[in-house]
Amino acid sequence: MGSWPENVGILGIELVFPSQYVDQTELEEFDGVGAGKYVIGLGQSKMGFCNDREDINSLCLTAVHKLIERYNIKYADVGRLEVGTETIIDKSKSVKSVLMQLFEPHGVTDVEGIDTTNACYGGTAALFNAVSWVESSSWDGRYAIVVAGDIAVYAKGSARPTGGAGAIAMLVGPNAPLVLDRGLRATYMKHAYDFYKPDLTSEYPTVDGKLSIQCYLNALDNCYQLYCKKASQRSLKDKTVDLSSLDFLLFHTPFCKLVQKSVGRLMLNDFLNTPSEEIPHLYPGLDNFRNVKLNECYFDKNVEKAFVTCSKNLFENKTQPSLLIANQIGNMYTPSLYGGLVSLLVNQNIEQLAGSKIGMFSYGSGLAATMFSITVSKDCNDNSALYKLKSNLSYVKKQLEQRKKVSPEKFTSILELREKNCHKVPYEPVGDIGDLFSGTYYLTKVDDMHRRFYSRFSHATNGSV
C-alpha cells in the first residue's frame with residue numbers, strides 16, 4: 001500500500017436524535033419528586049425518546065445515509081462499517097448487516113466490520129477497530145464508517161430521567177482534522193454487575209446505581225493515571241502530564257452532574273500526585289486532604305465538594321461546552337462521548353479548536369473503559385477539513401430547537417406501548433410519523449417471521465420514500 005497513512009482519525013460526523021422530547025422540569029412534577037431533582041441534581045434539561053416507529057436499525061440507517069449524503073461520499077468508497085450498540089433486537093443478525101441495504105443498490109458488498117457490544121463502550125471499540133484497519137496492512141485505501149447508536153429507556157423509578165436516544169456516524173480515514181493520538185491510550189477492564197441487561201424480553205436494564213458510579217470513578221482514576229504515565233513517557237520535553245496538558249476534557253455522560261464531579265475527581269488525582277511542598281501554592285486551602293485514598297473516597301461528600309469547587313473554572317472552560325447534547329437529549333449510551341465531541345465542535349469557534357488536544361474518557365458498564373486523546377488540526381482556513389467538519393454540524397442547534405415537546409403523560413404512555421409490544425410479532429407500529437425529521441428512517445412493520453421493514457420519511461413528499 002506504500003507509506004503508512006498519516007493523521008488517521010475522524011473526517012466527518014453526523015448526529016441524529018429523536019424529534020420529540022420530554023421536559024425534565026415537567027417530569028419532576030409528574031413523578032412527584034422535589035423540584036430540581038432532575039434539572040439541578042442530575043444536570044438534565046430535556047430527554048429525547050423514540051416511539052414505536054424508531055428502533056436501533058432505523059436510527060443507524062438514518063445516521064449512515066445522512067453522513068454519506070452530507071459528505072458526498074460514494075458507497076463504493078467505503079470499505080469498512082463498524083457498529084457499536086447495546087440495543088439488541090436480534091441475538092444473531094447484526095445491525096451492520098441491516099445497514100447493507102444502503103450499499104447493495106450501488107453494487108457494494110465488499111464492506112468489512114460487524115457489531116461490537118459492551119454497554120456504552122461499543123462505539124469506542126468500533127472506532128478503535130476502524131482506525132486500526134486504516135493503519136493496517138489490510139487497508140485498501142477506502143474510508144471506514146463507525147456508527148454508535150442506542151435507545152436508552154428505564155422502568156419507572158429514579159433511573160428513568162437518565163434515559164435518552166440517538167446515533168452518531170463518523171467517517172474515518174487519513175489526513176483527518178480530528179486525529180486519534182497513535183499509541184496513546186489507557187484501558188481499564190474488570191468484571192462487575194453495575195449495569196446489565198439479562199432479561200432478553202425487556203428493553204430495561206438491571207442497575208446497581210451506587211456501584212455503577214463507583215465503577216465509573218474507579219475506572220476514571222485508573223485510566224487517567226495510566227494515560228498520564230504513557231503520555232509523559234512519550235513527551236520529548238520530559239515533563240509531567242496533568243490536566244494542564246489537555247485543552248478540553250470529554251466524558252461518557254450518564255448524566256451531566258456526574259461529569260462535573262469527574263472533573264473534580266481528575267483534579268484530586270493531580271493533587272495527590274503533587275509534591276507536598278507545592279500544595280499550598282497550587283491548591284490553597286486543601287492541605288487537609290493530603291492523606292485521602294482514592295479507593296476510599298468515592299462517596300465522600302467533603303472531598304467531592306472541595307475538588308468540584310476547586311475545579312470549577314477548569315470545568316467551565318474545558319468540559320461544559322461538551323455537555324449540550326447530553327443536557328438536551330440525555331444519555332445516548334454508545335454515542336454519548338461522541339455527542340460530547342459534537343457539542344464541543346458546535347460550541348467553540350474554530351480558532352479555539354485548531355491545534356487543541358482533547359482528552360476523551362469512554363466508559364461502559366460491566367466494565368470497560370479507555371482514556372485516549374484527539375489532536376485537532378491546526379489548519380482552520382475556509383478550505384480546511386476542520387472547517388468543513390464544523391460547518392457540516394451547523395444543523396445541530398437548529399434541529400434541537402425544532403423538536404416537539406411531549407407531555408410526561410404521553411411520554412409515559414409511549415414507553416408503556418414500547419414495553420407491551422417489545423418483540424411482539426406480527427406488529428404494525430402506531431406512532432405518528434408526521435413529526436419525524438426529514439430523512440429519518442422508520443419502522444413500517446414486523447412480520448410473523450420477525451423480519452423488519454423500513455421506509456424513509458421526507459417532508460417534501462409528506463410521506464415515505
# chains A, B, ... in the order shown; residues from 1 in each chain; ligands from 1

call {"tool": "residues_around", "arguments": {"residues": "Leu127 in chain A", "least_positions_apart": "5", "cutoff": "10 Å", "atoms": "only C-alpha atoms", "output": "list in words"}}
result
Gly9, Ile10, Leu81, Glu82, Val83, Gly84, Gly122, Ser132, Trp133, Ala144, Ile145, Val146, Val147, Ala148, Met170, Leu171, Val172 and Leu180 of chain A

call {"tool": "write_last_selection", "arguments": {"atoms": "C-alpha atoms", "output": "PDB file, in the first residue's frame"}}
result
ATOM      1  CA  GLY A   9      -8.929   9.955  12.632  1.00  0.00           C
ATOM      2  CA  ILE A  10     -12.373  11.470  12.191  1.00  0.00           C
ATOM      3  CA  LEU A  81     -18.544  -0.262   8.501  1.00  0.00           C
ATOM      4  CA  GLU A  82     -18.481  -0.831  12.268  1.00  0.00           C
ATOM      5  CA  VAL A  83     -21.456  -0.550  14.638  1.00  0.00           C
ATOM      6  CA  GLY A  84     -21.284  -0.078  18.399  1.00  0.00           C
ATOM      7  CA  GLY A 122     -19.182  -0.353  21.984  1.00  0.00           C
ATOM      8  CA  SER A 132      -6.652   0.144  13.314  1.00  0.00           C
ATOM      9  CA  TRP A 133      -7.959  -1.072   9.955  1.00  0.00           C
ATOM     10  CA  ALA A 144     -14.291   3.460   7.261  1.00  0.00           C
ATOM     11  CA  ILE A 145     -17.612   4.451   8.852  1.00  0.00           C
ATOM     12  CA  VAL A 146     -18.287   3.974  12.555  1.00  0.00           C
ATOM     13  CA  VAL A 147     -21.847   4.069  13.888  1.00  0.00           C
ATOM     14  CA  ALA A 148     -22.697   4.342  17.571  1.00  0.00           C
ATOM     15  CA  MET A 170     -18.275   9.013  11.956  1.00  0.00           C
ATOM     16  CA  LEU A 171     -16.238   8.984   8.760  1.00  0.00           C
ATOM     17  CA  VAL A 172     -12.735   7.650   9.439  1.00  0.00           C
ATOM     18  CA  LEU A 180      -6.533   9.952  17.319  1.00  0.00           C
TER      19      LEU A 180
END

call {"tool": "residues_around", "arguments": {"residues": "range 442-451 of chain A", "least_positions_apart": "4", "cutoff": "8 Å", "atoms": "only C-alpha atoms", "output": "list in words"}}
result
Asp52, Arg53, Glu54, Asp55, Ser58, Val425, Pro426, Tyr427, Glu428, Pro429, Ile433, Ser455, Arg456 and Phe457 of chain A

call {"tool": "write_last_selection", "arguments": {"atoms": "all heavy atoms", "output": "CSV table (one decimal), in the first residue's frame"}}
result
chain,number,residue,atom,x,y,z
A,52,ASP,N,-42.8,3.9,18.9
A,52,ASP,CA,-42.6,2.6,18.3
A,52,ASP,C,-42.2,2.6,16.8
A,52,ASP,O,-42.0,1.5,16.2
A,52,ASP,CB,-43.8,1.7,18.6
A,52,ASP,CG,-45.0,2.2,17.8
A,52,ASP,OD1,-45.0,3.3,17.3
A,52,ASP,OD2,-46.0,1.4,17.8
A,53,ARG,N,-42.0,3.8,16.2
A,53,ARG,CA,-41.6,3.9,14.8
A,53,ARG,C,-40.1,3.8,14.7
A,53,ARG,O,-39.6,3.6,13.5
A,53,ARG,CB,-42.1,5.2,14.2
A,53,ARG,CG,-43.6,5.2,14.0
A,53,ARG,CD,-44.0,4.3,12.8
A,53,ARG,NE,-45.4,4.4,12.5
A,53,ARG,CZ,-46.0,3.8,11.5
A,53,ARG,NH1,-45.2,3.0,10.8
A,53,ARG,NH2,-47.3,3.9,11.3
A,54,GLU,N,-39.4,4.0,15.7
A,54,GLU,CA,-37.9,4.0,15.6
A,54,GLU,C,-37.3,2.9,16.5
A,54,GLU,O,-37.7,2.7,17.6
A,54,GLU,CB,-37.3,5.4,16.0
A,54,GLU,CG,-37.7,6.5,15.0
A,54,GLU,CD,-37.0,7.8,15.3
A,54,GLU,OE1,-37.6,8.6,16.1
A,54,GLU,OE2,-35.9,8.1,14.8
A,55,ASP,N,-36.3,2.2,15.9
A,55,ASP,CA,-35.6,1.2,16.7
A,55,ASP,C,-34.1,1.5,16.4
A,55,ASP,O,-33.7,2.4,15.7
A,55,ASP,CB,-36.0,-0.2,16.4
A,55,ASP,CG,-35.9,-0.5,14.9
A,55,ASP,OD1,-35.2,0.2,14.2
A,55,ASP,OD2,-36.5,-1.5,14.5
A,58,SER,N,-33.3,1.7,12.6
A,58,SER,CA,-33.8,2.9,11.9
A,58,SER,C,-32.9,4.1,12.3
A,58,SER,O,-32.5,4.9,11.4
A,58,SER,CB,-35.2,3.2,12.2
A,58,SER,OG,-35.4,3.6,13.6
A,425,VAL,N,-44.8,-10.1,17.5
A,425,VAL,CA,-44.9,-10.3,16.1
A,425,VAL,C,-46.2,-11.0,15.8
A,425,VAL,O,-46.7,-11.8,16.7
A,425,VAL,CB,-43.8,-11.2,15.5
A,425,VAL,CG1,-42.5,-10.5,15.6
A,425,VAL,CG2,-43.7,-12.5,16.2
A,426,PRO,N,-46.8,-10.8,14.7
A,426,PRO,CA,-46.5,-9.7,13.8
A,426,PRO,C,-46.9,-8.4,14.5
A,426,PRO,O,-47.7,-8.3,15.4
A,426,PRO,CB,-47.4,-9.9,12.5
A,426,PRO,CG,-48.5,-10.7,13.1
A,426,PRO,CD,-48.0,-11.5,14.2
A,427,TYR,N,-46.3,-7.3,14.0
A,427,TYR,CA,-46.6,-6.0,14.6
A,427,TYR,C,-46.5,-4.8,13.6
A,427,TYR,O,-45.6,-4.8,12.8
A,427,TYR,CB,-45.6,-5.7,15.8
A,427,TYR,CG,-45.8,-4.4,16.5
A,427,TYR,CD1,-46.9,-4.2,17.3
A,427,TYR,CD2,-44.9,-3.3,16.4
A,427,TYR,CE1,-47.2,-3.1,17.9
A,427,TYR,CE2,-45.1,-2.1,17.1
A,427,TYR,CZ,-46.3,-2.0,17.8
A,427,TYR,OH,-46.5,-0.8,18.5
A,428,GLU,N,-47.5,-4.0,13.7
A,428,GLU,CA,-47.5,-2.8,12.9
A,428,GLU,C,-47.5,-1.6,13.8
A,428,GLU,O,-48.5,-1.4,14.6
A,428,GLU,CB,-48.8,-2.7,12.0
A,428,GLU,CG,-48.7,-3.8,10.9
A,428,GLU,CD,-49.7,-3.5,9.8
A,428,GLU,OE1,-50.3,-2.4,9.8
A,428,GLU,OE2,-49.9,-4.4,8.9
A,429,PRO,N,-46.5,-0.7,13.8
A,429,PRO,CA,-46.3,0.4,14.7
A,429,PRO,C,-47.5,1.4,14.5
A,429,PRO,O,-48.0,1.5,13.4
A,429,PRO,CB,-45.0,1.0,14.3
A,429,PRO,CG,-44.3,0.0,13.6
A,429,PRO,CD,-45.3,-0.9,12.9
A,433,ILE,N,-45.8,9.5,12.2
A,433,ILE,CA,-44.6,9.7,11.5
A,433,ILE,C,-44.5,11.2,11.1
A,433,ILE,O,-43.4,11.7,10.6
A,433,ILE,CB,-44.4,8.8,10.3
A,433,ILE,CG1,-45.5,9.1,9.2
A,433,ILE,CG2,-44.4,7.4,10.7
A,433,ILE,CD1,-45.2,8.4,7.9
A,455,SER,N,-39.1,2.4,5.9
A,455,SER,CA,-39.2,3.5,4.9
A,455,SER,C,-38.4,4.7,5.4
A,455,SER,O,-38.1,4.8,6.6
A,455,SER,CB,-40.6,3.8,4.6
A,455,SER,OG,-41.3,2.7,3.9
A,456,ARG,N,-38.2,5.6,4.5
A,456,ARG,CA,-37.6,6.9,4.8
A,456,ARG,C,-38.5,8.0,4.6
A,456,ARG,O,-39.1,8.2,3.6
A,456,ARG,CB,-36.3,7.1,4.0
A,456,ARG,CG,-35.4,8.2,4.5
A,456,ARG,CD,-34.2,8.4,3.6
A,456,ARG,NE,-33.2,9.2,4.3
A,456,ARG,CZ,-32.3,10.0,3.7
A,456,ARG,NH1,-32.3,10.0,2.3
A,456,ARG,NH2,-31.4,10.7,4.3
A,457,PHE,N,-38.7,8.8,5.7
A,457,PHE,CA,-39.6,9.9,5.7
A,457,PHE,C,-39.0,11.2,5.0
A,457,PHE,O,-37.9,11.5,5.2
A,457,PHE,CB,-40.1,10.3,7.1
A,457,PHE,CG,-41.1,11.3,7.2
A,457,PHE,CD1,-42.4,11.1,6.8
A,457,PHE,CD2,-40.8,12.6,7.5
A,457,PHE,CE1,-43.4,12.0,6.9
A,457,PHE,CE2,-41.8,13.6,7.6
A,457,PHE,CZ,-43.1,13.3,7.3

call {"tool": "atom_distance", "arguments": {"atom1": "CA of Ala165 in chain A", "atom2": "CA of Glu316 in chain A"}}
result
25.4 Å

call {"tool": "residues_around", "arguments": {"residues": "Gln20 in chain A", "least_positions_apart": "3", "cutoff": "6 Å", "atoms": "only C-alpha atoms", "output": "list in words"}}
result
Gly48, Arg403, Lys404 and Lys405 of chain A

call {"tool": "atom_distance", "arguments": {"atom1": "CA of Pro408 in chain A", "atom2": "CA of Thr87 in chain A"}}
result
23.4 Å

call {"tool": "atom_distance", "arguments": {"atom1": "CA of Val303 in chain A", "atom2": "CA of Leu211 in chain A"}}
result
18.5 Å

call {"tool": "select_by_dssp", "arguments": {"residues": "range 123-346 of chain A", "states": "helix (DSSP H, G or I)", "output": "JSON, numbers by chain"}}
result
{"A": [123, 124, 125, 126, 127, 128, 129, 130, 131, 132, 133, 134, 160, 161, 162, 209, 210, 211, 212, 213, 214, 215, 216, 217, 218, 219, 220, 221, 222, 223, 224, 225, 226, 227, 228, 229, 230, 231, 232, 233, 234, 243, 244, 245, 256, 257, 258, 259, 260, 261, 262, 263, 264, 265, 266, 267, 268, 269, 270, 271, 272, 276, 277, 278, 279, 280, 281, 282, 287, 288, 289, 294, 295, 296, 301, 302, 303, 304, 305, 306, 307, 308, 309, 310, 312, 313, 314, 315, 316, 317, 318, 320, 321, 322, 324, 325, 326, 327, 328, 329, 336, 337, 338, 339, 340, 341, 342, 343, 344, 345, 346]}

call {"tool": "residues_around", "arguments": {"residues": "range 351-356 of chain A", "least_positions_apart": "3", "cutoff": "6 Å", "atoms": "only C-alpha atoms", "output": "VMD selection string"}}
result
chain A and resid 247 375 to 378

call {"tool": "residues_around", "arguments": {"residues": "Tyr227 in chain A", "least_positions_apart": "5", "cutoff": "7 Å", "atoms": "only C-alpha atoms", "output": "list of chain:residue names"}}
result
A:Arg185, A:Ala186, A:Met371

call {"tool": "residues_around", "arguments": {"residues": "range 386-389 of chain A", "least_positions_apart": "3", "cutoff": "6 Å", "atoms": "only C-alpha atoms", "output": "PDB file with N, CA and C atoms, in the first residue's frame"}}
result
ATOM      1  N   GLY A  12     -15.470  13.235   9.418  1.00  0.00           N
ATOM      2  CA  GLY A  12     -16.822  13.775   9.413  1.00  0.00           C
ATOM      3  C   GLY A  12     -17.667  13.130  10.485  1.00  0.00           C
ATOM      4  N   PRO A 177      -9.083  15.950  10.299  1.00  0.00           N
ATOM      5  CA  PRO A 177      -8.957  17.124  11.169  1.00  0.00           C
ATOM      6  C   PRO A 177      -8.960  16.766  12.653  1.00  0.00           C
ATOM      7  N   CYS A 380      -7.208  25.793   9.888  1.00  0.00           N
ATOM      8  CA  CYS A 380      -8.613  26.152  10.099  1.00  0.00           C
ATOM      9  C   CYS A 380      -9.103  27.182   9.078  1.00  0.00           C
ATOM     10  N   ASP A 382     -10.820  28.479   5.428  1.00  0.00           N
ATOM     11  CA  ASP A 382     -12.139  28.152   4.877  1.00  0.00           C
ATOM     12  C   ASP A 382     -12.131  26.936   3.950  1.00  0.00           C
ATOM     13  N   ASN A 392     -20.462  21.444   8.639  1.00  0.00           N
ATOM     14  CA  ASN A 392     -21.462  20.410   8.387  1.00  0.00           C
ATOM     15  C   ASN A 392     -22.266  20.045   9.634  1.00  0.00           C
TER      16      ASN A 392
END

call {"tool": "decode", "arguments": {"residues": "range 383-402 of chain A", "atoms": "N, CA and C atoms", "output": "mmCIF file, in the first residue's frame"}}
result
data_model
loop_
_atom_site.group_PDB
_atom_site.id
_atom_site.type_symbol
_atom_site.label_atom_id
_atom_site.label_comp_id
_atom_site.auth_asym_id
_atom_site.auth_seq_id
_atom_site.Cartn_x
_atom_site.Cartn_y
_atom_site.Cartn_z
ATOM 1 N N ASN A 383 -10.960 26.478 3.557
ATOM 2 C CA ASN A 383 -10.865 25.303 2.691
ATOM 3 C C ASN A 383 -10.400 24.058 3.440
ATOM 4 N N SER A 384 -10.260 24.169 4.758
ATOM 5 C CA SER A 384 -9.697 23.070 5.547
ATOM 6 C C SER A 384 -10.741 22.006 5.868
ATOM 7 N N ALA A 385 -10.245 20.804 6.186
ATOM 8 C CA ALA A 385 -11.121 19.709 6.587
ATOM 9 C C ALA A 385 -11.824 20.024 7.910
ATOM 10 N N LEU A 386 -11.144 20.754 8.797
ATOM 11 C CA LEU A 386 -11.751 21.130 10.074
ATOM 12 C C LEU A 386 -12.916 22.086 9.853
ATOM 13 N N TYR A 387 -12.727 23.047 8.956
ATOM 14 C CA TYR A 387 -13.808 23.986 8.649
ATOM 15 C C TYR A 387 -15.015 23.251 8.063
ATOM 16 N N LYS A 388 -14.754 22.293 7.174
ATOM 17 C CA LYS A 388 -15.849 21.531 6.564
ATOM 18 C C LYS A 388 -16.589 20.715 7.608
ATOM 19 N N LEU A 389 -15.836 20.042 8.499
ATOM 20 C CA LEU A 389 -16.468 19.226 9.536
ATOM 21 C C LEU A 389 -17.346 20.084 10.437
ATOM 22 N N LYS A 390 -16.807 21.203 10.882
ATOM 23 C CA LYS A 390 -17.561 22.094 11.778
ATOM 24 C C LYS A 390 -18.772 22.696 11.068
ATOM 25 N N SER A 391 -18.597 23.120 9.821
ATOM 26 C CA SER A 391 -19.708 23.702 9.057
ATOM 27 C C SER A 391 -20.829 22.699 8.838
ATOM 28 N N ASN A 392 -20.462 21.444 8.639
ATOM 29 C CA ASN A 392 -21.462 20.410 8.387
ATOM 30 C C ASN A 392 -22.266 20.045 9.634
ATOM 31 N N LEU A 393 -21.888 20.596 10.775
ATOM 32 C CA LEU A 393 -22.654 20.377 12.015
ATOM 33 C C LEU A 393 -23.528 21.586 12.362
ATOM 34 N N SER A 394 -23.644 22.523 11.450
ATOM 35 C CA SER A 394 -24.408 23.748 11.737
ATOM 36 C C SER A 394 -25.891 23.479 11.956
ATOM 37 N N TYR A 395 -26.373 22.314 11.523
ATOM 38 C CA TYR A 395 -27.795 21.970 11.674
ATOM 39 C C TYR A 395 -28.159 21.569 13.103
ATOM 40 N N VAL A 396 -27.179 21.221 13.914
ATOM 41 C CA VAL A 396 -27.459 20.571 15.201
ATOM 42 C C VAL A 396 -28.314 21.437 16.119
ATOM 43 N N LYS A 397 -27.886 22.662 16.380
ATOM 44 C CA LYS A 397 -28.634 23.524 17.305
ATOM 45 C C LYS A 397 -30.015 23.863 16.750
ATOM 46 N N LYS A 398 -30.093 24.090 15.444
ATOM 47 C CA LYS A 398 -31.389 24.397 14.834
ATOM 48 C C LYS A 398 -32.353 23.224 14.993
ATOM 49 N N GLN A 399 -31.852 22.022 14.793
ATOM 50 C CA GLN A 399 -32.701 20.838 14.869
ATOM 51 C C GLN A 399 -33.145 20.564 16.301
ATOM 52 N N LEU A 400 -32.294 20.864 17.261
ATOM 53 C CA LEU A 400 -32.696 20.729 18.663
ATOM 54 C C LEU A 400 -33.904 21.615 18.966
ATOM 55 N N GLU A 401 -33.901 22.816 18.393
ATOM 56 C CA GLU A 401 -34.999 23.756 18.624
ATOM 57 C C GLU A 401 -36.275 23.352 17.889
ATOM 58 N N GLN A 402 -36.140 22.544 16.851
ATOM 59 C CA GLN A 402 -37.299 22.153 16.043
ATOM 60 C C GLN A 402 -38.052 20.947 16.619
#
